[in-house]
Amino acid sequence: MAKIIKVQKGTKDILPQEVEQWHRLEKNALEIFTRYGYKEIRTPIFEATELFARGVGDTTDIVNKEMYTFEKSDRSITLRPENTAGVVRSFIENGMSRLSAPVKLWYKGPMFRYERPQAGRQRQFHQVGVEMFGIKEPTADAEAIMLAVDYLKSLGLNDLEVEINSLGCPKCREEYKNKIKEVLKPEFDNLCEDCQSRYEKNPLRLLDCKVESCKEIFEKPEIKKVIQSDFICEECAQHYSKLKSYLDKLNINYTENKLLVRGLDYYNRTVFEIKSNNLGSQNAVCGGGRYDSLVRNLGGEDTPAVGWAMGMERLNSLLPDIDSHKLDAYVVSNSETEAFILTQELREKGVKVEFDLANKKFTKQLEKASKTANYALIIGEDEIKANKVSVKNLQTSEQVTVDRKDVINNINIG
RNA sequence: GCGUCUGUCGUCAAGCGGUUAAGACCUCGGAUUGUGGUUCCGAUAUGCAUGGGUUCGAAUCCCAUCAGACGCCCCA
């Protein structure tokens, strides 16, 4: 036998028995997002590498070590690791800033990140997400979070935790970063390896290190004081407190998490995540926030924006399995021609129905029917002569013989 | 990139140095049931991820490789 070729590491087939669940995720997304005024956009799977370098940020791991990049005739191309950069690119390229604000776009599709797979993490995975352009007011942040919660509710997920934080604006955040670096400088050599690299790359990330020795350092009074100081400027603070008041009024439960720092460079002010305790260590189903400078950084006009993305595989793992649909009926007959004809008549009327293409023995056909369908439609010689069909309910074993044209009235179509 | 654990039929598995490598489900064939889903028979791994070793003897021990799971980093 020839060698079997297997799926690539970190990728998965979505098999027929799971596809029903995916349909549900997609159907609810369309329905709920549309209700909030969002329109779907589909951008290409690959983009110029530079888009992600400039968009997502070249200090991030996503860009530094997780991109699928390849060269084609002097162009550097990358499989999208996330979709915000692509949507922003399209927003700019198609002149959407001329549309009346807000411009609300949603997407779904595969993303690619070259990482070690583990629970809730694959190399090809799927996200649904939304992006809203043109509104700087915190109402937009609140509505985006509301939408996320609403969507999750529509899927029956009510008990998830919403965490929020404000990163401030580039200006006040920079000051905060510098203060942290300053106060930690004497301790630099005592920090763990990861923290030492974070010290330069993203000082905000230092704070939730799990290494004991680092934790102890952060507990020192003079350091703790700096870490816990409210660094954000007056304007940012106002924005944040308004957001919280909207969330309160809308009855969205949330907790504030000062350590919540999203890893993508483009965020400012509001960041949030929605987490579940049933996901293993990759416990965020949703992550997002405000990114007011991204559009400008990618060459567009200054345009405020908020957005979020959800991991569809993670969502799916929280949802109960759906039974894949049974057939409405299975035609049983020793005459494959008659079976074929009856099957087609019913299919034209919208019935999900099959017959035995292999023309096996009568009892095997019935066995197949009982396993795959709700009704068996039996046409033996007697029935054919009389132009009738015996309809057997396979749950109750009740059987009636009816005129051929009345079959459809004697079965429930699911 | 690092760490921990795992790898026996399509699936779930028993086996823990000497077995003809259990069993269950699925699938297929047959018997029987006045038309099935009950029951009964039968088929389905010369091989235990791959390659080396240790041993009289290995699925069982050791090493390497590969694959998978989980965790770190990071992220949805």
# chains A, B, ... in the order shown; residues from 1 in each chain; ligands from 1

call {"tool": "select_by_dssp", "arguments": {"residues": "segment 89-328 of chain A", "states": "strand (DSSP E or B)", "output": "ChimeraX atom specification"}}
result
/A:103-112,118,121,124-133,161-166,255-256,268-275,284-290,305-311,327-328

call {"tool": "write_last_selection", "arguments": {"atoms": "N, CA and C atoms", "output": "short mmCIF file (atom, residue, chain, number, x, y, z; two decimals), in the first residue's frame"}}
result
data_model
loop_
_atom_site.label_atom_id
_atom_site.label_comp_id
_atom_site.auth_asym_id
_atom_site.auth_seq_id
_atom_site.Cartn_x
_atom_site.Cartn_y
_atom_site.Cartn_z
N VAL A 103 -18.92 52.74 10.31
CA VAL A 103 -18.87 51.66 9.33
C VAL A 103 -18.66 50.37 10.12
N LYS A 104 -19.61 49.46 10.00
CA LYS A 104 -19.56 48.23 10.80
C LYS A 104 -19.39 47.02 9.90
N LEU A 105 -18.32 46.29 10.12
CA LEU A 105 -18.01 45.14 9.27
C LEU A 105 -17.77 43.91 10.12
N TRP A 106 -18.23 42.75 9.63
CA TRP A 106 -17.91 41.51 10.33
C TRP A 106 -17.36 40.49 9.35
N TYR A 107 -16.66 39.51 9.88
CA TYR A 107 -16.02 38.52 9.02
C TYR A 107 -15.99 37.18 9.73
N LYS A 108 -15.76 36.16 8.96
CA LYS A 108 -15.48 34.84 9.53
C LYS A 108 -14.52 34.14 8.58
N GLY A 109 -13.71 33.26 9.12
CA GLY A 109 -12.82 32.53 8.21
C GLY A 109 -11.57 32.02 8.89
N PRO A 110 -10.76 31.31 8.13
CA PRO A 110 -9.56 30.69 8.69
C PRO A 110 -8.41 31.69 8.88
N MET A 111 -7.65 31.49 9.93
CA MET A 111 -6.45 32.28 10.21
C MET A 111 -5.30 31.29 10.42
N PHE A 112 -4.09 31.78 10.29
CA PHE A 112 -2.93 30.88 10.33
C PHE A 112 -1.84 31.42 11.23
N GLN A 118 -1.86 23.09 20.90
CA GLN A 118 -2.26 22.53 22.19
C GLN A 118 -3.76 22.73 22.33
N ARG A 121 -5.70 25.56 20.57
CA ARG A 121 -4.80 26.28 19.69
C ARG A 121 -4.38 25.41 18.52
N GLN A 124 -4.03 26.25 11.82
CA GLN A 124 -5.14 26.85 11.08
C GLN A 124 -6.34 26.81 12.00
N PHE A 125 -6.89 27.97 12.27
CA PHE A 125 -8.08 28.03 13.12
C PHE A 125 -9.02 29.06 12.53
N HIS A 126 -10.20 29.17 13.12
CA HIS A 126 -11.19 30.06 12.52
C HIS A 126 -11.64 31.12 13.51
N GLN A 127 -11.85 32.29 12.98
CA GLN A 127 -12.37 33.36 13.83
C GLN A 127 -13.62 33.97 13.21
N VAL A 128 -14.51 34.42 14.08
CA VAL A 128 -15.54 35.39 13.68
C VAL A 128 -15.16 36.68 14.38
N GLY A 129 -15.35 37.78 13.72
CA GLY A 129 -14.99 39.03 14.37
C GLY A 129 -15.75 40.20 13.80
N VAL A 130 -15.69 41.31 14.51
CA VAL A 130 -16.34 42.54 14.06
C VAL A 130 -15.36 43.70 14.17
N GLU A 131 -15.53 44.68 13.31
CA GLU A 131 -14.74 45.90 13.37
C GLU A 131 -15.68 47.07 13.12
N MET A 132 -15.56 48.10 13.97
CA MET A 132 -16.39 49.29 13.79
C MET A 132 -15.50 50.51 13.65
N PHE A 133 -15.74 51.29 12.60
CA PHE A 133 -14.86 52.44 12.32
C PHE A 133 -15.62 53.75 12.47
N GLU A 161 -16.98 35.03 31.66
CA GLU A 161 -16.52 36.23 32.36
C GLU A 161 -15.96 37.26 31.40
N VAL A 162 -16.50 38.46 31.53
CA VAL A 162 -16.00 39.57 30.73
C VAL A 162 -14.98 40.33 31.56
N GLU A 163 -13.78 40.50 31.01
CA GLU A 163 -12.76 41.29 31.70
C GLU A 163 -12.42 42.50 30.85
N ILE A 164 -12.29 43.64 31.52
CA ILE A 164 -11.95 44.84 30.77
C ILE A 164 -10.77 45.57 31.42
N ASN A 165 -10.16 46.42 30.64
CA ASN A 165 -9.08 47.25 31.16
C ASN A 165 -8.90 48.42 30.20
N SER A 166 -8.22 49.45 30.68
CA SER A 166 -7.88 50.53 29.76
C SER A 166 -6.37 50.69 29.71
N THR A 255 -15.48 42.22 35.08
CA THR A 255 -14.51 42.51 36.12
C THR A 255 -13.38 43.30 35.49
N GLU A 256 -12.79 44.17 36.31
CA GLU A 256 -11.66 44.94 35.81
C GLU A 256 -10.39 44.17 36.10
N ASN A 268 -5.37 50.63 22.01
CA ASN A 268 -5.24 51.72 22.97
C ASN A 268 -6.56 51.83 23.74
N ARG A 269 -6.51 52.52 24.84
CA ARG A 269 -7.70 52.62 25.70
C ARG A 269 -8.31 51.24 25.98
N THR A 270 -9.56 51.05 25.55
CA THR A 270 -10.28 49.84 25.95
C THR A 270 -9.68 48.53 25.41
N VAL A 271 -9.44 47.59 26.30
CA VAL A 271 -9.19 46.21 25.86
C VAL A 271 -10.08 45.31 26.68
N PHE A 272 -10.50 44.18 26.09
CA PHE A 272 -11.34 43.26 26.85
C PHE A 272 -11.17 41.84 26.36
N GLU A 273 -11.50 40.93 27.24
CA GLU A 273 -11.49 39.51 26.88
C GLU A 273 -12.72 38.87 27.50
N ILE A 274 -13.17 37.78 26.89
CA ILE A 274 -14.25 37.00 27.50
C ILE A 274 -13.71 35.59 27.68
N LYS A 275 -13.79 35.10 28.91
CA LYS A 275 -13.13 33.85 29.25
C LYS A 275 -14.11 32.79 29.75
N ALA A 284 -9.52 32.12 26.67
CA ALA A 284 -10.25 33.26 26.12
C ALA A 284 -10.99 32.86 24.85
N VAL A 285 -12.30 33.10 24.83
CA VAL A 285 -13.05 32.86 23.59
C VAL A 285 -13.10 34.11 22.74
N CYS A 286 -12.95 35.25 23.40
CA CYS A 286 -13.10 36.50 22.68
C CYS A 286 -12.06 37.49 23.16
N GLY A 287 -11.46 38.21 22.25
CA GLY A 287 -10.52 39.24 22.64
C GLY A 287 -10.64 40.44 21.71
N GLY A 288 -10.55 41.62 22.28
CA GLY A 288 -10.68 42.78 21.41
C GLY A 288 -10.39 44.07 22.13
N GLY A 289 -10.69 45.16 21.45
CA GLY A 289 -10.45 46.45 22.05
C GLY A 289 -10.47 47.55 21.01
N ARG A 290 -10.00 48.71 21.45
CA ARG A 290 -10.01 49.91 20.61
C ARG A 290 -8.65 50.07 19.96
N ALA A 305 -11.45 53.26 15.95
CA ALA A 305 -12.06 51.96 15.65
C ALA A 305 -12.05 51.06 16.89
N VAL A 306 -13.03 50.18 16.93
CA VAL A 306 -13.07 49.12 17.94
C VAL A 306 -13.40 47.81 17.27
N GLY A 307 -12.96 46.72 17.86
CA GLY A 307 -13.30 45.43 17.28
C GLY A 307 -12.92 44.30 18.19
N TRP A 308 -13.38 43.12 17.83
CA TRP A 308 -12.99 41.93 18.58
C TRP A 308 -13.05 40.71 17.67
N ALA A 309 -12.46 39.64 18.13
CA ALA A 309 -12.52 38.38 17.39
C ALA A 309 -12.75 37.24 18.37
N MET A 310 -13.46 36.22 17.89
CA MET A 310 -13.68 35.03 18.70
C MET A 310 -13.09 33.82 17.98
N GLY A 311 -12.54 32.90 18.74
CA GLY A 311 -12.02 31.66 18.17
C GLY A 311 -13.15 30.66 18.03
N LEU A 327 -32.27 11.16 8.13
CA LEU A 327 -33.10 11.26 6.94
C LEU A 327 -34.56 11.27 7.36
N ASP A 328 -35.39 11.94 6.58
CA ASP A 328 -36.82 11.84 6.84
C ASP A 328 -37.29 10.42 6.55
#

call {"tool": "interface_residues", "arguments": {"of": "chain B", "to": "chain A", "cutoff": "9 Å", "atoms": "only C-alpha atoms (C1' of nucleotides)", "output": "list in words"}}
result
U35, G36, G37, A69, C70, G71, C73, C74, C75 and A76 of chain B

call {"tool": "residues_around", "arguments": {"residues": "Ala142 of chain A", "least_positions_apart": "6", "cutoff": "9 Å", "atoms": "only C-alpha atoms (C1' of nucleotides)", "output": "ChimeraX atom specification"}}
result
/A:243-244,246-247,250

call {"tool": "residues_around", "arguments": {"residues": "segment 10-24 of chain B", "least_positions_apart": "5", "cutoff": "9 Å", "atoms": "only C-alpha atoms (C1' of nucleotides)", "output": "MDAnalysis selection string"}}
result
chainID B and resid 45 47:48 55 57:61

call {"tool": "write_last_selection", "arguments": {"atoms": "N, CA, C and O atoms (P, O5', C5', C4', C3', O3' and C1' of nucleotides)", "output": "mmCIF file, in the first residue's frame"}}
result
data_model
loop_
_atom_site.group_PDB
_atom_site.id
_atom_site.type_symbol
_atom_site.label_atom_id
_atom_site.label_comp_id
_atom_site.auth_asym_id
_atom_site.auth_seq_id
_atom_site.Cartn_x
_atom_site.Cartn_y
_atom_site.Cartn_z
ATOM 1 P P A B 45 -7.239 -9.821 10.460
ATOM 2 O "O5'" A B 45 -6.751 -8.601 11.378
ATOM 3 C "C5'" A B 45 -6.363 -7.381 10.767
ATOM 4 C "C4'" A B 45 -5.046 -6.970 11.338
ATOM 5 C "C3'" A B 45 -4.068 -8.124 11.482
ATOM 6 O "O3'" A B 45 -3.414 -8.306 10.225
ATOM 7 C "C1'" A B 45 -4.110 -6.798 13.477
ATOM 8 P P G B 47 2.739 -8.400 9.494
ATOM 9 O "O5'" G B 47 3.020 -7.505 10.782
ATOM 10 C "C5'" G B 47 2.448 -6.259 11.072
ATOM 11 C "C4'" G B 47 1.883 -6.252 12.471
ATOM 12 C "C3'" G B 47 2.884 -6.201 13.634
ATOM 13 O "O3'" G B 47 3.328 -4.880 13.887
ATOM 14 C "C1'" G B 47 1.180 -7.761 14.095
ATOM 15 P P C B 48 4.439 -4.657 14.992
ATOM 16 O "O5'" C B 48 3.845 -3.540 15.949
ATOM 17 C "C5'" C B 48 2.697 -2.749 15.592
ATOM 18 C "C4'" C B 48 1.893 -2.513 16.853
ATOM 19 C "C3'" C B 48 2.722 -1.999 18.019
ATOM 20 O "O3'" C B 48 2.274 -0.671 18.292
ATOM 21 C "C1'" C B 48 1.345 -3.877 18.647
ATOM 22 P P U B 55 22.496 -9.382 25.234
ATOM 23 O "O5'" U B 55 21.249 -10.263 25.675
ATOM 24 C "C5'" U B 55 20.893 -10.352 27.048
ATOM 25 C "C4'" U B 55 19.544 -10.989 27.176
ATOM 26 C "C3'" U B 55 19.368 -12.289 26.396
ATOM 27 O "O3'" U B 55 19.941 -13.388 27.100
ATOM 28 C "C1'" U B 55 17.491 -10.900 26.043
ATOM 29 P P G B 57 17.387 -14.069 22.094
ATOM 30 O "O5'" G B 57 15.831 -14.115 22.412
ATOM 31 C "C5'" G B 57 14.940 -14.706 21.459
ATOM 32 C "C4'" G B 57 13.565 -14.832 22.045
ATOM 33 C "C3'" G B 57 12.899 -13.515 22.418
ATOM 34 O "O3'" G B 57 12.277 -12.937 21.292
ATOM 35 C "C1'" G B 57 12.661 -15.053 24.182
ATOM 36 P P A B 58 12.235 -11.373 21.137
ATOM 37 O "O5'" A B 58 10.656 -11.191 21.083
ATOM 38 C "C5'" A B 58 9.766 -11.350 22.164
ATOM 39 C "C4'" A B 58 9.073 -10.051 22.452
ATOM 40 C "C3'" A B 58 9.382 -8.992 21.390
ATOM 41 O "O3'" A B 58 8.408 -8.921 20.361
ATOM 42 C "C1'" A B 58 9.811 -8.179 23.630
ATOM 43 P P A B 59 6.869 -8.807 20.452
ATOM 44 O "O5'" A B 59 6.493 -7.323 20.880
ATOM 45 C "C5'" A B 59 5.957 -6.396 19.967
ATOM 46 C "C4'" A B 59 5.383 -5.190 20.685
ATOM 47 C "C3'" A B 59 5.996 -4.907 22.049
ATOM 48 O "O3'" A B 59 7.092 -4.021 21.907
ATOM 49 C "C1'" A B 59 3.648 -5.011 22.247
ATOM 50 P P U B 60 8.050 -3.681 23.117
ATOM 51 O "O5'" U B 60 7.096 -3.042 24.190
ATOM 52 C "C5'" U B 60 7.572 -2.712 25.486
ATOM 53 C "C4'" U B 60 6.696 -3.344 26.528
ATOM 54 C "C3'" U B 60 7.441 -3.774 27.789
ATOM 55 O "O3'" U B 60 7.135 -2.867 28.840
ATOM 56 C "C1'" U B 60 5.862 -5.422 27.052
ATOM 57 P P C B 61 7.912 -1.432 28.855
ATOM 58 O "O5'" C B 61 9.422 -1.864 29.114
ATOM 59 C "C5'" C B 61 9.912 -2.040 30.436
ATOM 60 C "C4'" C B 61 11.413 -2.088 30.395
ATOM 61 C "C3'" C B 61 12.056 -1.006 29.538
ATOM 62 O "O3'" C B 61 12.205 0.199 30.267
ATOM 63 C "C1'" C B 61 12.991 -3.082 28.969
#

call {"tool": "residues_around", "arguments": {"residues": "U44 of chain B", "least_positions_apart": "3", "cutoff": "10 Å", "atoms": "only C-alpha atoms (C1' of nucleotides)", "output": "ChimeraX atom specification"}}
result
/B:9,27-28

call {"tool": "residues_around", "arguments": {"residues": "Tyr199 of chain A", "least_positions_apart": "3", "cutoff": "10 Å", "atoms": "only C-alpha atoms (C1' of nucleotides)", "output": "PyMOL selection string"}}
result
chain A and resi 177+180-181+184-185+188+191+193-196+202-206

call {"tool": "write_last_selection", "arguments": {"atoms": "C-alpha atoms", "output": "PDB file, in the first residue's frame"}}
result
ATOM      1  CA  LYS A 177       6.003  52.020  30.613  1.00  0.00           C
ATOM      2  CA  ILE A 180       7.874  50.622  35.214  1.00  0.00           C
ATOM      3  CA  LYS A 181      11.192  50.205  33.468  1.00  0.00           C
ATOM      4  CA  LEU A 184      12.563  47.684  37.787  1.00  0.00           C
ATOM      5  CA  LYS A 185      15.944  48.599  36.446  1.00  0.00           C
ATOM      6  CA  PHE A 188      16.655  43.558  36.034  1.00  0.00           C
ATOM      7  CA  LEU A 191      14.014  38.821  36.618  1.00  0.00           C
ATOM      8  CA  GLU A 193      14.484  35.173  31.224  1.00  0.00           C
ATOM      9  CA  ASP A 194      11.032  35.826  29.798  1.00  0.00           C
ATOM     10  CA  CYS A 195      10.651  38.984  31.848  1.00  0.00           C
ATOM     11  CA  GLN A 196      14.017  40.250  30.739  1.00  0.00           C
ATOM     12  CA  ASN A 202       6.418  45.070  26.179  1.00  0.00           C
ATOM     13  CA  PRO A 203       6.908  46.162  29.783  1.00  0.00           C
ATOM     14  CA  LEU A 204       3.162  45.952  30.448  1.00  0.00           C
ATOM     15  CA  ARG A 205       3.415  42.211  30.002  1.00  0.00           C
ATOM     16  CA  LEU A 206       5.866  41.906  32.844  1.00  0.00           C
TER      17      LEU A 206
END

call {"tool": "select_by_dssp", "arguments": {"residues": "segment 198-277 of chain A", "states": "alpha helix (DSSP H)", "output": "tab-separated table (two decimals) with C-alpha atoms, in the first residue's frame"}}
result
chain	number	residue	atom	x	y	z
A	198	ARG	CA	9.56	41.53	27.96
A	199	TYR	CA	11.31	44.40	29.72
A	200	GLU	CA	12.26	45.87	26.35
A	201	LYS	CA	9.53	44.45	24.16
A	212	GLU	CA	7.58	33.11	41.93
A	213	SER	CA	10.78	35.12	42.08
A	214	CYS	CA	9.32	37.69	39.73
A	215	LYS	CA	6.09	37.87	41.69
A	216	GLU	CA	8.09	38.62	44.82
A	217	ILE	CA	9.86	41.45	43.10
A	218	PHE	CA	6.57	42.95	42.00
A	219	GLU	CA	5.34	42.76	45.58
A	221	PRO	CA	6.26	48.29	48.08
A	222	GLU	CA	8.05	50.83	45.94
A	223	ILE	CA	7.49	48.69	42.84
A	224	LYS	CA	3.94	47.73	43.65
A	225	LYS	CA	3.11	51.39	44.07
A	226	VAL	CA	4.19	52.17	40.52
A	227	ILE	CA	2.50	49.14	39.04
A	228	GLN	CA	-0.80	49.84	40.67
A	234	GLU	CA	-7.68	62.51	32.46
A	235	GLU	CA	-9.28	62.01	29.03
A	236	CYS	CA	-8.60	58.30	28.95
A	237	ALA	CA	-9.93	57.91	32.46
A	238	GLN	CA	-13.13	59.61	31.49
A	239	HIS	CA	-13.53	57.43	28.46
A	240	TYR	CA	-13.00	54.37	30.61
A	241	SER	CA	-15.40	55.36	33.33
A	242	LYS	CA	-18.10	56.18	30.80
A	243	LEU	CA	-17.65	52.77	29.26
A	244	LYS	CA	-18.08	51.17	32.66
A	245	SER	CA	-21.21	53.15	33.35
A	246	TYR	CA	-22.73	52.01	30.06
A	247	LEU	CA	-21.91	48.42	30.85
A	248	ASP	CA	-23.48	48.81	34.27
A	249	LYS	CA	-26.67	50.26	32.79

call {"tool": "residues_around", "arguments": {"residues": "Cys233 of chain A", "least_positions_apart": "6", "cutoff": "12 Å", "atoms": "only C-alpha atoms (C1' of nucleotides)", "output": "list in words"}}
result
Ser166, Leu167, Gly168, Cys169, Pro170, Lys171, Cys172, Arg173, Glu174, Glu175, Tyr176, His239, Tyr240 and Arg269 of chain A

call {"tool": "write_last_selection", "arguments": {"atoms": "all heavy atoms", "output": "CSV table (one decimal), in the first residue's frame"}}
result
chain,number,residue,atom,x,y,z
A,166,SER,N,-8.2,49.4,30.7
A,166,SER,CA,-7.9,50.5,29.8
A,166,SER,C,-6.4,50.7,29.7
A,166,SER,O,-5.7,50.7,30.7
A,166,SER,CB,-8.5,51.9,30.2
A,166,SER,OG,-8.1,52.9,29.3
A,167,LEU,N,-5.8,50.7,28.5
A,167,LEU,CA,-4.4,50.8,28.3
A,167,LEU,C,-4.0,52.3,28.2
A,167,LEU,O,-2.8,52.6,28.1
A,167,LEU,CB,-4.0,50.1,27.1
A,167,LEU,CG,-4.2,48.6,27.0
A,167,LEU,CD1,-3.8,48.1,25.6
A,167,LEU,CD2,-3.5,47.9,28.1
A,168,GLY,N,-5.0,53.2,28.3
A,168,GLY,CA,-4.6,54.6,28.0
A,168,GLY,C,-4.3,54.9,26.6
A,168,GLY,O,-4.4,54.0,25.7
A,169,CYS,N,-3.8,56.1,26.4
A,169,CYS,CA,-3.5,56.5,25.0
A,169,CYS,C,-2.0,56.3,24.9
A,169,CYS,O,-1.3,56.1,25.8
A,169,CYS,CB,-3.9,57.9,24.7
A,169,CYS,SG,-3.3,59.1,25.9
A,170,PRO,N,-1.4,56.4,23.7
A,170,PRO,CA,0.0,56.2,23.5
A,170,PRO,C,0.8,57.0,24.4
A,170,PRO,O,1.9,56.6,24.9
A,170,PRO,CB,0.2,56.6,22.0
A,170,PRO,CG,-1.1,56.3,21.4
A,170,PRO,CD,-2.1,56.6,22.4
A,171,LYS,N,0.3,58.2,24.7
A,171,LYS,CA,1.1,59.2,25.5
A,171,LYS,C,1.2,58.7,26.9
A,171,LYS,O,2.3,58.6,27.5
A,171,LYS,CB,0.4,60.6,25.4
A,171,LYS,CG,1.4,61.7,25.4
A,171,LYS,CD,0.7,63.0,25.1
A,171,LYS,CE,1.1,64.0,26.2
A,171,LYS,NZ,0.1,65.1,26.2
A,172,CYS,N,0.0,58.5,27.5
A,172,CYS,CA,0.1,58.2,29.0
A,172,CYS,C,0.6,56.8,29.2
A,172,CYS,O,1.3,56.5,30.2
A,172,CYS,CB,-1.2,58.4,29.7
A,172,CYS,SG,-2.7,57.6,29.0
A,173,ARG,N,0.4,55.9,28.2
A,173,ARG,CA,1.0,54.5,28.3
A,173,ARG,C,2.5,54.6,28.3
A,173,ARG,O,3.2,53.9,29.0
A,173,ARG,CB,0.4,53.6,27.2
A,173,ARG,CG,0.9,52.2,27.4
A,173,ARG,CD,0.1,51.2,26.7
A,173,ARG,NE,0.3,51.2,25.3
A,173,ARG,CZ,-0.7,51.5,24.4
A,173,ARG,NH1,-1.8,51.8,24.8
A,173,ARG,NH2,-0.4,51.4,23.1
A,174,GLU,N,3.0,55.4,27.4
A,174,GLU,CA,4.5,55.5,27.3
A,174,GLU,C,5.1,55.9,28.6
A,174,GLU,O,6.1,55.4,29.1
A,174,GLU,CB,4.8,56.5,26.2
A,174,GLU,CG,6.2,56.4,25.6
A,174,GLU,CD,6.4,54.9,25.1
A,174,GLU,OE1,5.5,54.3,24.5
A,174,GLU,OE2,7.6,54.5,25.3
A,175,GLU,N,4.4,56.9,29.3
A,175,GLU,CA,4.9,57.4,30.5
A,175,GLU,C,4.9,56.3,31.6
A,175,GLU,O,5.9,56.1,32.3
A,175,GLU,CB,4.1,58.6,31.1
A,175,GLU,CG,4.4,59.8,30.3
A,175,GLU,CD,3.3,60.9,30.6
A,175,GLU,OE1,2.7,60.8,31.7
A,175,GLU,OE2,3.2,61.8,29.8
A,176,TYR,N,3.8,55.5,31.6
A,176,TYR,CA,3.7,54.4,32.5
A,176,TYR,C,4.8,53.3,32.3
A,176,TYR,O,5.5,52.9,33.2
A,176,TYR,CB,2.3,53.8,32.3
A,176,TYR,CG,2.0,52.6,33.2
A,176,TYR,CD1,2.0,52.7,34.6
A,176,TYR,CD2,1.5,51.4,32.6
A,176,TYR,CE1,1.7,51.6,35.4
A,176,TYR,CE2,1.2,50.3,33.4
A,176,TYR,CZ,1.3,50.4,34.8
A,176,TYR,OH,0.9,49.4,35.6
A,239,HIS,N,-13.1,58.4,29.5
A,239,HIS,CA,-13.5,57.4,28.5
A,239,HIS,C,-13.8,56.1,29.1
A,239,HIS,O,-14.9,55.5,28.9
A,239,HIS,CB,-12.4,57.3,27.4
A,239,HIS,CG,-12.9,56.5,26.2
A,239,HIS,ND1,-13.3,57.0,25.0
A,239,HIS,CD2,-12.9,55.1,26.0
A,239,HIS,CE1,-13.6,56.1,24.2
A,239,HIS,NE2,-13.4,54.9,24.7
A,240,TYR,N,-12.9,55.7,29.9
A,240,TYR,CA,-13.0,54.4,30.6
A,240,TYR,C,-14.2,54.4,31.6
A,240,TYR,O,-15.0,53.4,31.6
A,240,TYR,CB,-11.7,54.1,31.3
A,240,TYR,CG,-11.6,52.7,31.9
A,240,TYR,CD1,-12.0,51.6,31.2
A,240,TYR,CD2,-11.0,52.5,33.2
A,240,TYR,CE1,-11.8,50.3,31.8
A,240,TYR,CE2,-10.9,51.2,33.8
A,240,TYR,CZ,-11.3,50.1,33.0
A,240,TYR,OH,-11.2,48.9,33.6
A,269,ARG,N,-6.5,52.5,24.8
A,269,ARG,CA,-7.7,52.6,25.7
A,269,ARG,C,-8.3,51.2,26.0
A,269,ARG,O,-7.7,50.4,26.5
A,269,ARG,CB,-8.7,53.6,25.1
A,269,ARG,CG,-8.2,55.0,25.1
A,269,ARG,CD,-9.2,56.0,24.9
A,269,ARG,NE,-8.7,57.4,25.2
A,269,ARG,CZ,-9.2,58.5,24.8
A,269,ARG,NH1,-10.4,58.5,24.1
A,269,ARG,NH2,-8.7,59.7,25.2

call {"tool": "atom_distance", "arguments": {"atom1": "atom CA of Val353 of chain A", "atom2": "atom CA of Asn334 of chain A"}}
result
16.8 Å

call {"tool": "closest_residue", "arguments": {"among": "A:Glu47, A:Asp321, A:Glu26, A:Glu381", "to": "Glu336 of chain A", "atoms": "only C-alpha atoms"}}
result
A:Glu381

call {"tool": "atom_distance", "arguments": {"atom1": "atom CA of Phe355 of chain A", "atom2": "atom CA of Ala329 of chain A"}}
result
8.7 Å

call {"tool": "closest_residue", "arguments": {"among": "A:Thr303, A:Gln17, A:Cys209, A:Leu377", "to": "Lys326 of chain A", "atoms": "only C-alpha atoms"}}
result
A:Gln17

call {"tool": "closest_residue", "arguments": {"among": "A:Ile252, A:Lys258, A:Lys405, A:Leu99", "to": "Asp230 of chain A", "atoms": "only C-alpha atoms"}}
result
A:Lys258
